Amino acid sequence: MSILVRDVMVRDVAYAQIPGNRDDVLKTLQDRKVSGLPVVKKGEVVGIITRSDLLRNREEDQTALLMTRDPVVISPDKSVVQAARLLVQHKIRRLPVVEDKKLVGMVTVADIIQVAEDMEITESIEPYLQKETVVLWSEMPLPVAGSIMEFAAVEACPVIDTDLKLVGIISDRDLIKASVIEESVEKTDMSADGGEDAWMWDRVMQTINKYYTVSRIKLRDIPVSEAMVPPKTAFKTDKVSDCAAVMRKNRIDQMPVVRASRKLMGMLKDTDILLALVDYCERSGA
């Protein structure tokens, strides 16, 4: 395949910096409507930070402690298929594009989804859909659902009702939208250790406490049904490129695969589309 990373990458890249904090990252994610950012220090890419990092580390504040270090990167002269292989191999969603150690772009799963759409891959999605998936109940409290997603390490879940029919889908993006930042003042008592003058501590320091502000991301106490969104669905016989087109048009990364009865039979992720693209190119020698 002759399509290169530089042909599909985003050049105007939103990024976080070190030093920095969680509030700066959250604001950039929301303002730029992206799910992850490269982290730059002195002009060089040193990490990646995502919505999932914020949800997993709700009491951490510093960007350097929230980010994933030593990210996988790619050169703009590599092929899109090579980028797709890296994304699938490392189970990641974005690759900073680096030239002479400097950030020059970003290529994401979504960028390669558009390539898969344009290639008109007519193979059905059935070999690639994932039949084992975490499912949530529509009336489950959102904080419980968020914890289940965190423990299962999934970024999106289909939602079913009491009749076991698919009624929605919820992602980490929806969790962020339904979250609030709470601040509280906490207290730590200070006490003397063996290296301090006992008289000083007894007479001067014994009433001093250290107070500090702690911020936490908290999910609102609402049912999943109030945070979920309507799902775009697929059937197992649908074509790979057709599903890629639906994902790109609707800016989604997962599609529940259903039977005619609306009963869930699995999930198709955009990374499954990438795998289908890699397989197609290997078979055709592209």
# chains A, B, ... in the order shown; residues from 1 in each chain; ligands from 1

call {"tool": "residues_around", "arguments": {"residues": "Arg69 in chain A", "least_positions_apart": "2", "cutoff": "12 Å", "atoms": "only C-alpha atoms", "output": "VMD selection string"}}
result
chain A and resid 38 to 41 45 to 49 53 63 to 67 71 to 73

call {"tool": "residues_around", "arguments": {"residues": "Asp77 in chain A", "least_positions_apart": "2", "cutoff": "10 Å", "atoms": "only C-alpha atoms", "output": "list in words"}}
result
Ile3, Leu4, Val5, Arg6, Asp7, Ile74, Ser75, Ser79, Val80, Val97 and Glu99 of chain A

call {"tool": "select_by_dssp", "arguments": {"residues": "range 14-75 of chain A", "states": "strand (DSSP E or B)", "output": "PyMOL selection string"}}
result
chain A and resi 16-17+21+36-41+44-50+62+68-69+74

call {"tool": "atom_distance", "arguments": {"atom1": "CA of Ser124 in chain A", "atom2": "CA of Leu274 in chain A"}}
result
13.7 Å

call {"tool": "residues_around", "arguments": {"residues": "range 141-150 of chain A", "least_positions_apart": "2", "cutoff": "12 Å", "atoms": "only C-alpha atoms", "output": "PyMOL selection string"}}
result
chain A and resi 51-58+133-139+152-159+169-180+217-228

call {"tool": "select_by_dssp", "arguments": {"residues": "range 59-252 of chain A", "states": "helix (DSSP H, G or I)", "output": "PyMOL selection string"}}
result
chain A and resi 63-66+80-90+109-118+142-152+172-177+198-205+224-226+240-250

call {"tool": "closest_residue", "arguments": {"among": "A:Asp61, A:Phe151, A:Val109, A:Ser284", "to": "Lys91 in chain A", "atoms": "only C-alpha atoms"}}
result
A:Val109

call {"tool": "residues_around", "arguments": {"residues": "Phe235 in chain A", "least_positions_apart": "3", "cutoff": "6 Å", "atoms": "only C-alpha atoms", "output": "JSON, numbers by chain"}}
result
{"A": [238, 257, 258]}

call {"tool": "write_last_selection", "arguments": {"atoms": "N, CA and C atoms", "output": "mmCIF file, in the first residue's frame"}}
result
data_model
loop_
_atom_site.group_PDB
_atom_site.id
_atom_site.type_symbol
_atom_site.label_atom_id
_atom_site.label_comp_id
_atom_site.auth_asym_id
_atom_site.auth_seq_id
_atom_site.Cartn_x
_atom_site.Cartn_y
_atom_site.Cartn_z
ATOM 1 N N ASP A 238 -22.676 -7.747 7.539
ATOM 2 C CA ASP A 238 -22.286 -6.452 6.969
ATOM 3 C C ASP A 238 -20.827 -6.471 6.511
ATOM 4 N N VAL A 257 -23.193 -5.571 17.603
ATOM 5 C CA VAL A 257 -23.676 -6.426 16.516
ATOM 6 C C VAL A 257 -24.891 -7.190 17.052
ATOM 7 N N VAL A 258 -26.006 -7.068 16.349
ATOM 8 C CA VAL A 258 -27.264 -7.613 16.863
ATOM 9 C C VAL A 258 -27.895 -8.592 15.873
#

call {"tool": "residues_around", "arguments": {"residues": "Val34 in chain A", "least_positions_apart": "6", "cutoff": "9 Å", "atoms": "only C-alpha atoms", "output": "JSON, numbers by chain"}}
result
{"A": [14, 28, 50, 51]}

call {"tool": "closest_residue", "arguments": {"among": "A:Gly20, A:Pro127, A:Gly36, A:Pro230", "to": "Val107 in chain A", "atoms": "only C-alpha atoms"}}
result
A:Gly36

call {"tool": "residues_around", "arguments": {"residues": "Cys281 in chain A", "least_positions_apart": "3", "cutoff": "12 Å", "atoms": "only C-alpha atoms", "output": "list in words"}}
result
Met1, Ser2, Ile3, Ser79, Val80, Val81, Gln82, Ala84, Arg85, Val115, Ala116, Met119, Ile121, Leu274, Leu275, Ala276, Leu277, Val278, Ser284, Gly285 and Ala286 of chain A

call {"tool": "atom_distance", "arguments": {"atom1": "CA of Val10 in chain A", "atom2": "CA of Pro96 in chain A"}}
result
9.7 Å

call {"tool": "atom_distance", "arguments": {"atom1": "CA of Lys232 in chain A", "atom2": "CA of Glu120 in chain A"}}
result
20.0 Å
